[in-house]
Amino acid sequence: CSSLTDMPTIPNSVVSLSDTFQGCENLVNITIIPNGVTNMANTFRRCYNLETAPVIPNSVTEAHETFALCYNLDLPNNYDLGNTNISSAYGMFYNCFNLTNTLSSLGSTFANCSKITTVANIPENVIFMYGTFWGCTNLTGNIFIHTEYIWNANSCFANTSLTKNVYIPYTYANGVNTGTYNAFTNAGYKEDGS
């Protein structure tokens, strides 16, 4: 529905918004997402003119590419999902070029969000960060990832301008860093610290 500018009110009985507004390129005004919605995969994908992300209710468990390709999207200051129930947030903000803020309670994929310069501290519950900040070309550093064990952070900071002050606690297995291997591929920051 390329001419849709206002999101209709969503009934409280709805549990899935998967693909609902995908491709609504002129959608600007968002109503409240009701508690009880569990699936928001691709919900606002390719909503090119959407500028502000709605609050995601705690009931959501699936957020795969929810805002992917929302080129004008940014997050309000202190935007916080406050939610440990999301099991899939892969590509949630993929190619959201205008993002200047990141989530403060979920380190999920911000690939190619080239305006991001700083990152909120990544909380302990985040253990999968594959490609999270890949291609964030203006990322500068002072990043703290607080989990005791990262399951996979491969390419997390790949192709960024990252140059300093990244703290990632990690676990070695047989002398190999299994959690952060290649995390800094083609980044300004090298794994040897130089």
# chains A, B, ... in the order shown; residues from 1 in each chain; ligands from 1
$ residues_around --residues "Asp19 in chain A" --least-positions-apart "6" --cutoff "12 Å" --atoms "only C-alpha atoms" --output "number ranges by chain"
A: 1, 39-47, 62-68
$ write_last_selection --atoms "N, CA, C and O atoms" --output "mmCIF file, in the first residue's frame"
data_model
loop_
_atom_site.group_PDB
_atom_site.id
_atom_site.type_symbol
_atom_site.label_atom_id
_atom_site.label_comp_id
_atom_site.auth_asym_id
_atom_site.auth_seq_id
_atom_site.Cartn_x
_atom_site.Cartn_y
_atom_site.Cartn_z
ATOM 1 N N CYS A 1 0.870 -1.190 0.000
ATOM 2 C CA CYS A 1 0.000 0.000 0.000
ATOM 3 C C CYS A 1 0.901 1.233 0.000
ATOM 4 O O CYS A 1 1.150 1.828 1.049
ATOM 5 N N ASN A 39 4.891 -11.601 16.817
ATOM 6 C CA ASN A 39 5.691 -11.680 15.594
ATOM 7 C C ASN A 39 5.663 -10.347 14.851
ATOM 8 O O ASN A 39 4.602 -9.893 14.431
ATOM 9 N N MET A 40 6.836 -9.732 14.703
ATOM 10 C CA MET A 40 6.956 -8.488 13.946
ATOM 11 C C MET A 40 8.006 -8.614 12.842
ATOM 12 O O MET A 40 8.621 -7.632 12.438
ATOM 13 N N ALA A 41 8.192 -9.824 12.329
ATOM 14 C CA ALA A 41 9.161 -10.032 11.248
ATOM 15 C C ALA A 41 8.728 -9.245 10.016
ATOM 16 O O ALA A 41 7.595 -9.349 9.560
ATOM 17 N N ASN A 42 9.626 -8.424 9.499
ATOM 18 C CA ASN A 42 9.396 -7.648 8.268
ATOM 19 C C ASN A 42 8.232 -6.659 8.355
ATOM 20 O O ASN A 42 7.779 -6.145 7.331
ATOM 21 N N THR A 43 7.737 -6.370 9.536
ATOM 22 C CA THR A 43 6.532 -5.547 9.679
ATOM 23 C C THR A 43 6.642 -4.212 8.955
ATOM 24 O O THR A 43 5.720 -3.803 8.253
ATOM 25 N N PHE A 44 7.751 -3.498 9.136
ATOM 26 C CA PHE A 44 7.910 -2.172 8.531
ATOM 27 C C PHE A 44 9.041 -2.171 7.490
ATOM 28 O O PHE A 44 9.584 -1.122 7.157
ATOM 29 N N ARG A 45 9.388 -3.317 6.991
ATOM 30 C CA ARG A 45 10.477 -3.419 6.006
ATOM 31 C C ARG A 45 10.133 -2.589 4.761
ATOM 32 O O ARG A 45 9.035 -2.638 4.249
ATOM 33 N N ARG A 46 11.091 -1.808 4.311
ATOM 34 C CA ARG A 46 10.953 -0.945 3.136
ATOM 35 C C ARG A 46 9.928 0.177 3.338
ATOM 36 O O ARG A 46 9.347 0.665 2.393
ATOM 37 N N CYS A 47 9.708 0.592 4.590
ATOM 38 C CA CYS A 47 8.911 1.801 4.856
ATOM 39 C C CYS A 47 9.906 2.969 4.843
ATOM 40 O O CYS A 47 10.374 3.432 5.881
ATOM 41 N N GLU A 62 9.739 -12.378 17.874
ATOM 42 C CA GLU A 62 10.318 -12.443 16.529
ATOM 43 C C GLU A 62 10.372 -11.043 15.944
ATOM 44 O O GLU A 62 9.339 -10.389 15.772
ATOM 45 N N ALA A 63 11.595 -10.556 15.657
ATOM 46 C CA ALA A 63 11.759 -9.202 15.117
ATOM 47 C C ALA A 63 12.698 -9.205 13.925
ATOM 48 O O ALA A 63 13.385 -8.227 13.658
ATOM 49 N N HIS A 64 12.720 -10.283 13.192
ATOM 50 C CA HIS A 64 13.603 -10.432 12.029
ATOM 51 C C HIS A 64 13.293 -9.357 10.980
ATOM 52 O O HIS A 64 12.190 -9.272 10.470
ATOM 53 N N GLU A 65 14.279 -8.493 10.693
ATOM 54 C CA GLU A 65 14.182 -7.433 9.685
ATOM 55 C C GLU A 65 12.956 -6.529 9.859
ATOM 56 O O GLU A 65 12.412 -6.004 8.891
ATOM 57 N N THR A 66 12.552 -6.293 11.093
ATOM 58 C CA THR A 66 11.369 -5.471 11.369
ATOM 59 C C THR A 66 11.442 -4.111 10.691
ATOM 60 O O THR A 66 10.462 -3.652 10.101
ATOM 61 N N PHE A 67 12.594 -3.438 10.768
ATOM 62 C CA PHE A 67 12.747 -2.095 10.200
ATOM 63 C C PHE A 67 13.778 -2.058 9.069
ATOM 64 O O PHE A 67 14.285 -0.991 8.726
ATOM 65 N N ALA A 68 14.089 -3.191 8.493
ATOM 66 C CA ALA A 68 15.116 -3.227 7.445
ATOM 67 C C ALA A 68 14.739 -2.304 6.291
ATOM 68 O O ALA A 68 13.584 -2.225 5.888
#
$ residues_around --residues "Thr31 in chain A" --least-positions-apart "3" --cutoff "12 Å" --atoms "only C-alpha atoms" --output "PyMOL selection string"
chain A and resi 5-11+27-28+34+52-56
$ residues_around --residues "Asn95 in chain A" --least-positions-apart "6" --cutoff "12 Å" --atoms "only C-alpha atoms" --output "PyMOL selection string"
chain A and resi 45-48+65-74+109-116+132-136
$ atom_distance --atom1 "CA of Val37 in chain A" --atom2 "CA of Met92 in chain A"
16.4 Å
$ atom_distance --atom1 "CA of Tyr94 in chain A" --atom2 "CA of Val15 in chain A"
23.7 Å
$ select_by_dssp --residues "range 39-96 of chain A" --states "strand (DSSP E or B)" --output "ChimeraX atom specification"
/A:39,52,62,74,88
$ atom_distance --atom1 "CA of Thr118 in chain A" --atom2 "CA of Glu25 in chain A"
28.2 Å
